[in-house]
file data19.txt (compact mmCIF, C-alpha atoms)
# COMPACT_ATOMS: atom_id res chain seq x y z
CA MET A 291 -3.92 -9.42 -20.63
CA PRO A 292 -4.66 -6.68 -18.12
CA GLU A 293 -6.10 -7.59 -14.75
CA PRO A 294 -9.58 -6.33 -13.89
CA ALA A 295 -10.06 -3.15 -11.92
CA GLY A 296 -10.16 -3.24 -8.14
CA MET A 297 -13.33 -4.63 -6.63
CA ARG A 298 -14.79 -5.52 -3.24
CA VAL A 299 -16.62 -8.76 -2.53
CA ARG A 300 -18.23 -9.87 0.72
CA LEU A 301 -19.02 -13.55 1.21
CA SER A 302 -21.97 -13.88 3.54
CA GLU A 303 -21.28 -17.49 4.49
CA VAL A 304 -17.88 -16.67 5.99
CA GLY A 305 -18.17 -12.96 6.49
CA VAL A 306 -15.01 -12.12 4.59
CA ARG A 307 -14.48 -8.97 2.58
CA SER A 308 -11.71 -8.73 0.02
CA THR A 309 -10.51 -5.87 -2.13
CA ALA A 310 -8.79 -5.78 -5.55
CA ALA A 311 -8.30 -8.34 -8.24
CA GLY A 312 -6.60 -11.62 -7.50
CA VAL A 313 -7.38 -11.72 -3.77
CA ALA A 314 -7.12 -15.04 -1.97
CA LEU A 315 -10.03 -14.82 0.49
CA CYS A 316 -9.62 -15.62 4.19
CA GLY A 317 -11.76 -17.72 6.45
CA LEU A 318 -12.86 -16.82 9.94
CA LEU A 319 -10.02 -16.34 12.42
CA ALA A 320 -7.45 -17.09 9.73
CA ALA A 321 -4.69 -15.16 8.07
CA CYS A 322 -5.58 -13.61 4.74
CA GLY A 323 -4.11 -14.55 1.43
CA GLN A 324 -2.55 -12.62 -1.39
CA ALA A 325 -3.92 -9.57 -3.20
CA THR A 326 -2.91 -7.99 -6.49
CA LEU A 327 -3.64 -4.38 -7.37
CA THR A 328 -4.69 -3.39 -10.84
CA THR A 329 -2.38 -3.01 -13.81
CA PRO A 330 -2.86 -0.45 -16.60
CA PRO A 331 -5.76 -1.18 -18.97
CA ALA A 332 -5.00 -2.33 -22.48
CA ASP A 333 -5.41 0.07 -25.38
CA GLY A 334 -9.06 0.87 -25.93
CA GLN A 335 -10.05 -0.23 -22.41
CA ARG A 336 -10.60 1.88 -19.36
CA SER A 337 -10.63 0.01 -16.09
CA GLN A 338 -9.56 2.91 -13.88
CA LEU A 339 -10.53 6.53 -13.57
CA SER A 340 -8.15 9.21 -14.82
CA THR A 341 -7.61 12.72 -13.52
CA SER A 342 -7.09 15.82 -15.59
CA ARG A 343 -4.78 17.53 -13.12
CA GLY A 344 -1.68 16.60 -11.19
CA PRO A 345 1.21 14.30 -12.03
CA SER A 346 0.80 11.59 -14.64
CA ALA A 347 1.80 7.95 -14.37
CA ALA A 348 4.50 8.56 -16.99
CA ALA A 349 5.93 11.48 -14.99
CA ASN A 350 5.97 9.38 -11.82
CA ARG A 351 7.68 6.53 -13.68
CA HIS A 352 10.40 8.81 -15.02
CA ALA A 353 10.90 10.32 -11.57
CA ALA A 354 11.28 6.84 -10.03
CA GLN A 355 13.85 5.94 -12.67
CA ARG A 356 15.86 9.04 -11.85
CA GLU A 357 15.62 8.41 -8.13
CA ALA A 358 16.69 4.77 -8.44
CA LEU A 359 19.81 5.84 -10.36
CA ARG A 360 20.53 8.58 -7.83
CA LEU A 361 20.21 6.15 -4.93
CA LEU A 362 22.51 3.71 -6.68
CA SER A 363 25.08 6.47 -7.16
CA LEU A 364 25.20 6.94 -3.38
CA ALA A 365 26.67 3.45 -2.90
CA ARG A 366 30.33 3.86 -1.83
CA VAL A 367 32.53 0.78 -2.34
CA PRO A 368 35.77 -0.16 -0.54
CA PRO A 369 39.20 0.55 -2.04
CA GLY A 370 40.20 -2.11 -4.51
CA ALA A 371 36.63 -2.84 -5.62
CA VAL A 372 36.41 -3.79 -9.29
CA ALA A 373 33.16 -3.38 -11.23
CA VAL A 374 31.89 -6.59 -12.85
CA SER A 375 28.88 -7.42 -14.99
CA SER A 376 27.86 -10.70 -13.37
CA HIS A 377 27.04 -11.84 -9.85
CA PRO A 378 27.01 -15.11 -7.89
CA LEU A 379 23.74 -16.94 -7.33
CA SER A 380 23.88 -15.88 -3.70
CA LEU A 381 23.24 -12.27 -4.84
CA ASP A 382 20.62 -12.90 -7.52
CA GLY A 383 18.24 -10.31 -6.10
CA PRO A 384 18.12 -7.31 -3.75
CA VAL A 385 19.63 -8.43 -0.48
CA LEU A 386 16.69 -7.27 1.67
CA GLY A 387 14.06 -8.49 -0.76
CA MET A 388 11.86 -6.34 -2.95
CA THR A 389 8.24 -5.30 -3.19
CA ALA A 390 6.29 -7.39 -5.67
CA ALA A 391 4.99 -4.60 -7.91
CA SER A 392 5.27 -4.12 -11.65
CA SER A 393 5.94 -0.40 -11.09
CA LEU A 394 9.12 -1.13 -9.13
CA VAL A 395 12.26 0.39 -10.65
CA ASP A 396 15.48 -1.43 -9.70
CA ARG A 397 18.91 -0.25 -10.87
CA THR A 398 21.82 -2.55 -10.02
CA ARG A 399 25.64 -2.64 -10.01
CA PHE A 400 28.14 -5.36 -9.02
CA TRP A 401 31.73 -5.37 -7.76
CA ARG A 402 34.35 -7.76 -6.48
CA VAL A 403 36.81 -6.98 -3.69
CA PRO A 404 39.80 -8.97 -2.33
CA THR A 405 38.68 -8.55 1.30
CA GLY A 406 36.62 -11.13 3.17
CA LEU A 407 32.97 -10.88 4.14
CA ASP A 408 33.42 -9.48 7.65
CA ALA A 409 35.93 -6.81 6.63
CA THR A 410 33.86 -5.77 3.62
CA ILE A 411 30.56 -5.40 5.45
CA ALA A 412 32.37 -3.60 8.30
CA TRP A 413 33.65 -1.09 5.73
CA PHE A 414 30.12 -0.46 4.48
CA ARG A 415 28.79 0.02 8.01
CA ALA A 416 31.56 2.54 8.65
CA HIS A 417 30.82 4.41 5.40
CA PRO A 418 27.03 4.74 5.15
CA PRO A 419 25.58 6.62 2.17
CA ARG A 420 25.09 10.30 2.80
CA GLY A 421 21.58 11.53 3.47
CA LEU A 422 19.96 8.10 3.91
CA LYS A 423 18.71 6.39 7.05
CA PRO A 424 19.33 2.71 7.94
CA SER A 425 16.28 0.64 7.04
CA GLY A 426 17.31 -2.91 7.92
CA SER A 427 19.84 -5.67 7.63
CA SER A 428 19.95 -9.34 6.73
CA SER A 429 22.29 -12.31 6.88
CA GLY A 430 22.24 -15.87 5.65
CA GLY A 431 24.07 -18.54 3.80
CA GLY A 432 23.78 -21.87 2.08
CA PRO A 433 25.61 -25.17 1.78
CA ALA A 434 27.30 -26.48 -1.31
CA TYR A 435 24.64 -27.78 -3.70
CA GLN A 436 24.80 -29.28 -7.20
CA GLY A 437 28.23 -27.91 -7.93
CA GLN A 438 27.60 -24.52 -6.33
CA PRO A 439 29.95 -23.65 -3.44
CA ALA A 440 28.80 -22.87 0.07
CA TYR A 441 28.42 -19.17 0.80
CA LEU A 442 27.70 -16.58 3.46
CA MET A 443 25.83 -13.35 2.77
CA VAL A 444 25.18 -10.12 4.70
CA GLY A 445 23.11 -7.13 3.63
CA VAL A 446 22.32 -3.60 4.78
CA GLY A 447 19.63 -1.22 3.59
CA TYR A 448 19.12 2.54 3.62
CA SER A 449 16.02 4.53 2.74
CA GLU A 450 14.47 7.94 2.17
CA PRO A 451 10.93 9.17 2.93
CA ASP A 452 8.22 8.68 0.32
CA ARG A 453 7.42 11.63 -1.89
CA GLN A 454 4.60 12.56 -4.22
CA GLY A 455 4.18 9.87 -6.82
CA ILE A 456 7.02 7.67 -5.50
CA GLN A 457 7.37 5.35 -2.53
CA ASP A 458 9.77 2.78 -1.03
CA LEU A 459 12.96 4.61 -1.98
CA GLU A 460 15.81 2.34 -0.89
CA LEU A 461 19.47 1.55 -1.43
CA ALA A 462 20.28 -2.08 -0.62
CA ILE A 463 23.85 -3.36 -0.43
CA GLY A 464 24.69 -7.06 -0.22
CA VAL A 465 28.03 -8.78 0.31
CA ALA A 466 28.64 -12.50 -0.26
CA THR A 467 31.68 -14.75 -0.02
CA LEU A 468 33.38 -15.92 -3.21
CA PRO A 469 35.08 -19.29 -3.80
CA GLY A 470 38.81 -18.97 -3.26
CA GLY A 471 38.53 -15.76 -1.23
CA GLY A 472 37.30 -12.24 -1.62
CA SER A 473 33.74 -10.98 -1.71
CA ALA A 474 31.06 -10.03 -4.20
CA ILE A 475 29.06 -6.83 -3.76
CA ARG A 476 25.61 -6.03 -5.11
CA ALA A 477 23.99 -2.58 -4.83
CA ASP A 478 20.34 -1.87 -5.75
CA GLY A 479 18.78 1.57 -6.06
CA MET A 480 15.02 1.08 -5.91
CA ALA A 481 11.85 3.16 -6.07
CA ILE A 482 8.20 2.38 -6.79
CA TRP A 483 6.22 4.80 -8.93
CA LEU A 484 2.51 5.29 -8.38
CA ASP A 485 -0.34 5.48 -10.83
CA PRO A 486 -2.17 8.64 -9.67
CA ARG A 487 -5.53 7.44 -11.00
CA PRO A 488 -7.91 6.33 -8.23
CA ILE A 489 -8.96 2.69 -8.26
CA ARG A 490 -12.64 2.14 -9.04
CA ASP A 491 -14.87 0.51 -6.47
CA ASP A 492 -17.27 -1.22 -8.83
CA GLY A 493 -17.71 -4.65 -7.26
CA PRO A 494 -21.15 -6.22 -7.27
CA GLY A 495 -23.27 -6.55 -4.15
CA ARG A 496 -25.50 -4.67 -1.76
CA ARG A 497 -24.58 -1.04 -1.08
CA MET A 498 -25.58 0.85 2.06
CA ARG A 499 -26.80 4.43 2.21
CA VAL A 500 -26.38 6.21 5.56
CA THR A 501 -27.23 9.82 6.39
CA VAL A 502 -26.32 11.84 9.45
CA ALA A 503 -29.96 12.78 10.02
CA GLU A 504 -31.27 9.20 9.92
CA GLY A 505 -28.40 7.69 11.89
CA CYS A 506 -26.80 4.25 11.77
CA PRO A 507 -28.69 1.12 10.69
CA ALA A 508 -28.79 -1.84 13.06
CA ARG A 509 -26.81 -4.16 10.74
CA ASP A 510 -24.63 -4.17 7.63
CA THR A 511 -25.42 -7.77 6.66
CA ARG A 512 -24.36 -8.68 3.10
CA ALA A 513 -23.18 -5.12 2.39
CA VAL A 514 -20.02 -4.76 0.29
CA GLY A 515 -19.76 -0.98 0.58
CA VAL A 516 -21.66 2.28 0.42
CA ARG A 517 -23.74 3.83 -2.34
CA SER A 518 -22.72 7.10 -3.93
CA PRO A 519 -25.23 9.97 -3.59
CA ALA A 520 -27.83 10.17 -6.33
CA GLY A 521 -27.30 12.75 -9.05
CA ARG A 522 -24.15 14.23 -10.49
CA ALA A 523 -21.16 14.48 -8.18
CA PRO A 524 -18.10 14.41 -10.48
CA ASP A 525 -15.78 15.47 -7.66
CA LEU A 526 -16.32 12.06 -6.03
CA ASP A 527 -14.65 10.42 -9.03
CA THR A 528 -11.34 12.08 -8.14
CA ARG A 529 -11.52 12.52 -4.36
CA LEU A 530 -13.07 10.58 -1.49
CA LEU A 531 -14.88 13.57 0.02
CA PRO A 532 -15.98 16.95 -1.37
CA ALA A 533 -13.68 19.93 -0.92
CA ALA A 534 -16.48 21.63 1.04
CA THR A 535 -16.49 21.74 4.84
CA PRO A 536 -18.78 19.14 6.47
CA THR A 537 -21.33 20.39 8.97
CA ALA A 538 -21.46 17.12 10.95
CA ALA A 539 -20.58 13.44 10.66
CA ALA A 540 -21.80 10.08 11.89
CA VAL A 541 -19.60 7.04 12.59
CA CYS A 542 -21.20 3.57 12.48
CA ASP A 543 -19.04 0.65 13.64
CA PHE A 544 -20.18 -2.87 12.66
CA SER A 545 -19.02 -6.11 14.26
CA GLY A 546 -18.33 -8.38 11.29
CA MET A 547 -19.05 -12.10 11.26
CA ASN A 548 -17.23 -12.76 14.55
CA GLY A 549 -19.32 -10.25 16.46
CA HIS A 550 -22.37 -10.83 18.64
CA PRO A 551 -24.65 -10.34 16.87
CA ALA A 552 -22.87 -10.91 13.58
CA ASN A 553 -22.65 -7.80 11.39
CA GLY A 554 -24.40 -5.82 14.11
CA LEU A 555 -23.98 -2.18 15.04
CA VAL A 556 -21.62 -2.07 18.03
CA ARG A 557 -21.11 1.69 18.31
CA SER A 558 -22.50 4.87 16.77
CA ARG A 559 -21.30 8.44 17.21
CA LEU A 560 -22.56 11.77 15.96
CA LEU A 561 -19.68 14.24 15.55
CA ASP A 562 -19.98 18.01 15.76
CA GLN A 563 -18.63 20.25 13.01
CA THR A 564 -15.17 20.61 14.56
CA SER A 565 -14.65 16.85 14.84
CA ALA A 566 -16.24 16.22 11.43
CA ARG A 567 -13.79 18.66 9.83
CA LYS A 568 -10.86 17.00 11.58
CA LEU A 569 -11.96 13.56 10.35
CA ALA A 570 -12.50 14.90 6.81
CA ARG A 571 -8.93 16.26 6.82
CA ALA A 572 -7.65 12.79 7.74
CA VAL A 573 -9.56 11.38 4.77
CA GLY A 574 -8.16 14.07 2.49
CA ALA A 575 -4.61 13.19 3.54
CA LEU A 576 -4.90 9.67 2.11
CA ALA A 577 -2.99 9.14 -1.12
CA LEU A 578 -5.11 7.93 -4.03
CA GLY A 579 -2.11 6.85 -6.10
CA HIS A 580 -1.09 3.19 -6.00
CA PRO A 581 1.62 0.87 -7.27
CA LEU A 582 0.78 -1.23 -10.31
CA GLY A 583 0.58 -4.99 -10.02
CA GLU A 584 1.34 -4.89 -6.31
CA VAL A 585 1.08 -8.25 -4.57
CA PHE A 586 0.74 -8.31 -0.80
CA HIS A 587 -0.52 -10.58 1.96
CA CYS A 588 -3.53 -9.43 3.93
CA PRO A 589 -3.82 -9.94 7.69
CA PHE A 590 -6.80 -11.43 9.52
CA ALA A 591 -10.23 -10.41 8.18
CA ASP A 592 -13.72 -11.07 9.52
CA GLY A 593 -15.76 -8.36 7.80
CA THR A 594 -15.47 -5.76 10.56
CA ALA A 595 -16.19 -2.35 9.03
CA SER A 596 -17.21 1.23 9.72
CA VAL A 597 -19.39 3.59 7.72
CA LEU A 598 -18.61 7.30 7.95
CA ALA A 599 -21.36 9.68 6.86
CA PHE A 600 -20.62 13.37 6.28
CA SER A 601 -23.29 16.06 5.88
CA TYR A 602 -22.78 19.21 3.80
CA GLN A 603 -24.63 22.45 3.23
CA GLY A 604 -26.50 22.36 -0.06
CA ARG A 605 -25.58 18.82 -1.18
CA PRO A 606 -26.44 15.22 -0.21
CA ASP A 607 -24.50 13.43 2.52
CA VAL A 608 -21.43 11.49 1.39
CA ASP A 609 -20.66 8.05 2.85
CA LEU A 610 -17.38 6.19 3.23
CA TRP A 611 -16.99 2.47 3.80
CA MET A 612 -13.88 1.61 5.82
CA ASP A 613 -12.59 -1.94 6.27
CA ARG A 614 -11.29 -2.44 9.80
CA ASN A 615 -9.08 -5.46 9.09
CA GLY A 616 -7.95 -7.71 6.25
CA CYS A 617 -7.21 -5.89 2.98
CA ALA A 618 -8.19 -2.59 4.57
CA TYR A 619 -9.60 -0.12 2.06
CA VAL A 620 -11.79 2.96 2.27
CA SER A 621 -14.30 3.80 -0.48
CA ASN A 622 -16.93 6.40 -1.27
CA GLY A 623 -18.82 4.01 -3.56
CA ARG A 624 -16.93 5.17 -6.66
CA ILE A 625 -13.22 5.10 -5.84
CA MET A 626 -11.13 3.53 -3.10
CA THR A 627 -7.68 3.51 -1.55
CA ARG A 628 -5.83 1.92 1.35
CA VAL A 629 -7.08 2.92 4.81
CA GLY A 630 -3.64 4.06 6.01
CA ASN A 631 -3.86 6.20 9.15
CA LEU A 632 -7.59 6.83 8.81
CA ALA A 633 -8.49 4.01 11.20
CA THR A 634 -6.52 5.71 13.96
CA ALA A 635 -8.31 9.01 13.29
CA VAL A 636 -11.69 7.26 13.47
CA MET A 637 -10.86 5.47 16.72
CA SER A 638 -9.54 8.65 18.34
CA GLY A 639 -13.11 9.86 18.30
CA GLY A 640 -13.30 13.61 18.54
CA ARG A 641 -16.16 15.45 20.15
CA ALA A 642 -19.49 13.68 19.87
CA VAL A 643 -22.76 15.56 20.19
CA ALA A 644 -24.89 12.51 20.93

call {"tool": "encode", "arguments": {"input": "data19.txt", "output": "structure tokens"}}
result
Amino acid sequence: MPEPAGMRVRLSEVGVRSTAAGVALCGLLAACGQATLTTPPADGQRSQLSTSRGPSAAANRHAAQREALRLLSLARVPPGAVAVSSHPLSLDGPVLGMTAASSLVDRTRFWRVPTGLDATIAWFRAHPPRGLKPSGSSSGGGPAYQGQPAYLMVGVGYSEPDRQGIQDLELAIGVATLPGGGSAIRADGMAIWLDPRPIRDDGPGRRMRVTVAEGCPARDTRAVGVRSPAGRAPDLDTRLLPAATPTAAAVCDFSGMNGHPANGLVRSRLLDQTSARKLARAVGALALGHPLGEVFHCPFADGTASVLAFSYQGRPDVDLWMDRNGCAYVSNGRIMTRVGNLATAVMSGGRAVA
């Protein structure tokens, strides 16, 4: 059964805002729980918006499959390595772990070598894969248990930058000791493909409407997001802001439930056209694609949020709701995505006119 589309809920009694299906909500001054992004709708259902242009989910999936195989092909193994079809329990998964997402592609190969753990991992460190950058390392081991021998394990990882429709491109190589001598090797070529369709923001609750001319309200109590402008605005179903150039912008920062007063306005800024355009470009740089079935842990959340209002010539103002902590998302009242670097752009300010 498919999971429901992404949604935002704000609990007034604890001041916690969560985003996406399957979120474990957080209490005040506590670490957040686990969130799960949407999976594809079942046949005949439509829980996410689709776009008519750009790459498709199927194209991104095929590209991730190709990239995972290519990354795996970059794994160089020591002389004397023999390919095998099975692996010890100590190498039952990628050595550096893996992202919990149903759109993860993982291609794997195994070998055995006569050399010991230290010599084998030293060989890999001396022969890194061409074109990749080191992304981490790991080590561990375990005692003998229920008939399984004790073991030691070391891993190294290498990565490439994200690209359109694909993220988390990585080659992970693990080496573990074998009973009686020698070592086992596991190599994983991994990539996560993105569904390019924006996630709907259709959660229930109070929606705010802010305009540049009227300025920031004194509180955002019980608000779960912003309201989309009245009338037809089909471009806001596929992008967070219009393609047009904003003439000005307002930034309203609210305190959340740990503020004094709770959910109160703590700062407001009116940006001139130059700063509004710069902030709009930062919004436009956010990727709307997302992994499917992604599970992640959210940091501390207390409902702190900002509302960004942009004014345009010849059309109503467009608002964005931006979570400042927890499962940080930004939404225009119709679609949403992760905040990414937008929070930094908002805090950097720009030129205010009031």

call {"tool": "closest_residue", "arguments": {"input": "data19.txt", "among": "A:Ala539, A:Ala533, A:Leu364, A:Val465", "to": "His417 of chain A", "atoms": "all atoms listed in the file"}}
result
A:Leu364

call {"tool": "residues_near_point", "arguments": {"input": "data19.txt", "point": "(25.3, -0.7, 5.0)", "cutoff": "7 Å", "atoms": "only C-alpha atoms", "output": "list in words"}}
result
Phe414, Arg415, Pro418, Gly445, Val446, Gly447 and Ile463 of chain A

call {"tool": "atom_distance", "arguments": {"input": "data19.txt", "atom1": "atom CA of Arg402 of chain A", "atom2": "atom CA of Leu379 of chain A"}}
result
14.1 Å

call {"tool": "closest_residue", "arguments": {"input": "data19.txt", "among": "A:Thr405, A:Gln457, A:Ser596, A:Ser449", "to": "Val514 of chain A", "atoms": "only C-alpha atoms"}}
result
A:Ser596

call {"tool": "closest_atom_pairs", "arguments": {"input": "data19.txt", "of": "segment 426-492 of chain A", "to": "segment 380-397 of chain A", "cutoff": "6 Å", "atoms": "all atoms listed in the file", "output": "CSV"}}
result
residue,atom,partner,partner_atom,distance
A:Gly445,CA,A:Val385,CA,5.5
A:Gly464,CA,A:Val385,CA,5.2
A:Asp478,CA,A:Arg397,CA,5.6
A:Gly479,CA,A:Arg397,CA,5.1
A:Met480,CA,A:Asp396,CA,4.6
A:Ala481,CA,A:Val395,CA,5.4
A:Ile482,CA,A:Leu394,CA,4.3
A:Trp483,CA,A:Ser393,CA,5.6

call {"tool": "closest_residue", "arguments": {"input": "data19.txt", "among": "A:Pro532, A:Gly406, A:Gly546, A:Pro581", "to": "Phe600 of chain A", "atoms": "all atoms listed in the file"}}
result
A:Pro532

call {"tool": "closest_residue", "arguments": {"input": "data19.txt", "among": "A:Ser545, A:Ser621, A:Thr564, A:Thr594", "to": "Leu526 of chain A", "atoms": "only C-alpha atoms"}}
result
A:Ser621

call {"tool": "closest_atom_pairs", "arguments": {"input": "data19.txt", "of": "segment 550-571 of chain A", "to": "segment 485-506 of chain A", "cutoff": "12 Å", "atoms": "only C-alpha atoms", "output": "Markdown table"}}
result
| residue | atom | partner | partner_atom | distance |
| --- | --- | --- | --- | --- |
| A:Gly554 | CA | A:Cys506 | CA | 10.6 |
| A:Leu555 | CA | A:Cys506 | CA | 7.7 |
| A:Val556 | CA | A:Cys506 | CA | 10.3 |
| A:Arg557 | CA | A:Cys506 | CA | 9.0 |
| A:Ser558 | CA | A:Cys506 | CA | 6.6 |
| A:Arg559 | CA | A:Cys506 | CA | 8.8 |
| A:Leu560 | CA | A:Val502 | CA | 7.5 |
| A:Leu561 | CA | A:Val502 | CA | 9.3 |
| A:Asp562 | CA | A:Val502 | CA | 10.9 |
| A:Gln563 | CA | A:Val502 | CA | 11.9 |
| A:Ala566 | CA | A:Val502 | CA | 11.2 |

call {"tool": "residues_around", "arguments": {"input": "data19.txt", "residues": "segment 603-605 of chain A", "least_positions_apart": "5", "cutoff": "9 Å", "atoms": "only C-alpha atoms", "output": "count of residues only"}}
result
4

call {"tool": "closest_residue", "arguments": {"input": "data19.txt", "among": "A:Ala371, A:Val636, A:Met626, A:Ala618", "to": "Lys568 of chain A", "atoms": "only C-alpha atoms"}}
result
A:Val636

call {"tool": "atom_distance", "arguments": {"input": "data19.txt", "atom1": "atom CA of Thr511 of chain A", "atom2": "atom CA of Asn622 of chain A"}}
result
18.3 Å

call {"tool": "atom_distance", "arguments": {"input": "data19.txt", "atom1": "atom CA of Pro519 of chain A", "atom2": "atom CA of Arg624 of chain A"}}
result
10.1 Å

call {"tool": "residues_around", "arguments": {"input": "data19.txt", "residues": "Asp408 of chain A", "least_positions_apart": "4", "cutoff": "10 Å", "atoms": "all atoms listed in the file", "output": "number ranges by chain"}}
result
A: 412-413, 443-444, 465-467, 473

call {"tool": "closest_residue", "arguments": {"input": "data19.txt", "among": "A:Gly455, A:Pro404, A:Gly549, A:Gly616", "to": "Gly472 of chain A", "atoms": "all atoms listed in the file"}}
result
A:Pro404

call {"tool": "residues_near_point", "arguments": {"input": "data19.txt", "point": "(27.6, -7.3, -12.1)", "cutoff": "10 Å", "atoms": "all atoms listed in the file", "output": "list in words"}}
result
Val372, Ala373, Val374, Ser375, Ser376, His377, Pro378, Leu381, Thr398, Arg399, Phe400, Trp401, Arg402, Ala474, Ile475, Arg476 and Ala477 of chain A

call {"tool": "residues_around", "arguments": {"input": "data19.txt", "residues": "Met612 of chain A", "least_positions_apart": "5", "cutoff": "6 Å", "atoms": "only C-alpha atoms", "output": "ChimeraX atom specification"}}
result
/A:595-596,619-620

call {"tool": "build_atoms", "arguments": {"input": "data19.txt", "residues": "segment 469-480 of chain A", "atoms": "N, CA and C atoms", "output": "PDB file, in the frame of the given file"}}
result
ATOM      1  N   PRO A 469      34.171 -18.139  -3.869  1.00  0.00           N
ATOM      2  CA  PRO A 469      35.080 -19.290  -3.800  1.00  0.00           C
ATOM      3  C   PRO A 469      36.530 -18.840  -3.986  1.00  0.00           C
ATOM      4  N   GLY A 470      37.397 -19.316  -3.135  1.00  0.00           N
ATOM      5  CA  GLY A 470      38.810 -18.970  -3.260  1.00  0.00           C
ATOM      6  C   GLY A 470      39.191 -17.686  -2.568  1.00  0.00           C
ATOM      7  N   GLY A 471      38.223 -16.984  -1.956  1.00  0.00           N
ATOM      8  CA  GLY A 471      38.530 -15.760  -1.230  1.00  0.00           C
ATOM      9  C   GLY A 471      37.936 -14.532  -1.881  1.00  0.00           C
ATOM     10  N   GLY A 472      37.892 -13.466  -1.129  1.00  0.00           N
ATOM     11  CA  GLY A 472      37.300 -12.240  -1.620  1.00  0.00           C
ATOM     12  C   GLY A 472      35.777 -12.239  -1.484  1.00  0.00           C
ATOM     13  N   SER A 473      35.187 -11.149  -1.869  1.00  0.00           N
ATOM     14  CA  SER A 473      33.740 -10.980  -1.710  1.00  0.00           C
ATOM     15  C   SER A 473      33.132 -10.360  -2.949  1.00  0.00           C
ATOM     16  N   ALA A 474      31.861 -10.667  -3.157  1.00  0.00           N
ATOM     17  CA  ALA A 474      31.060 -10.030  -4.200  1.00  0.00           C
ATOM     18  C   ALA A 474      30.154  -9.000  -3.556  1.00  0.00           C
ATOM     19  N   ILE A 475      29.911  -7.913  -4.257  1.00  0.00           N
ATOM     20  CA  ILE A 475      29.060  -6.830  -3.760  1.00  0.00           C
ATOM     21  C   ILE A 475      27.947  -6.588  -4.780  1.00  0.00           C
ATOM     22  N   ARG A 476      26.753  -6.416  -4.273  1.00  0.00           N
ATOM     23  CA  ARG A 476      25.610  -6.030  -5.110  1.00  0.00           C
ATOM     24  C   ARG A 476      24.960  -4.803  -4.487  1.00  0.00           C
ATOM     25  N   ALA A 477      24.701  -3.778  -5.284  1.00  0.00           N
ATOM     26  CA  ALA A 477      23.990  -2.580  -4.830  1.00  0.00           C
ATOM     27  C   ALA A 477      22.754  -2.383  -5.697  1.00  0.00           C
ATOM     28  N   ASP A 478      21.608  -2.122  -5.060  1.00  0.00           N
ATOM     29  CA  ASP A 478      20.340  -1.870  -5.750  1.00  0.00           C
ATOM     30  C   ASP A 478      19.784  -0.529  -5.327  1.00  0.00           C
ATOM     31  N   GLY A 479      19.540   0.354  -6.297  1.00  0.00           N
ATOM     32  CA  GLY A 479      18.780   1.570  -6.060  1.00  0.00           C
ATOM     33  C   GLY A 479      17.354   1.329  -6.522  1.00  0.00           C
ATOM     34  N   MET A 480      16.391   1.472  -5.606  1.00  0.00           N
ATOM     35  CA  MET A 480      15.020   1.080  -5.910  1.00  0.00           C
ATOM     36  C   MET A 480      14.019   2.175  -5.566  1.00  0.00           C
TER      37      MET A 480
END
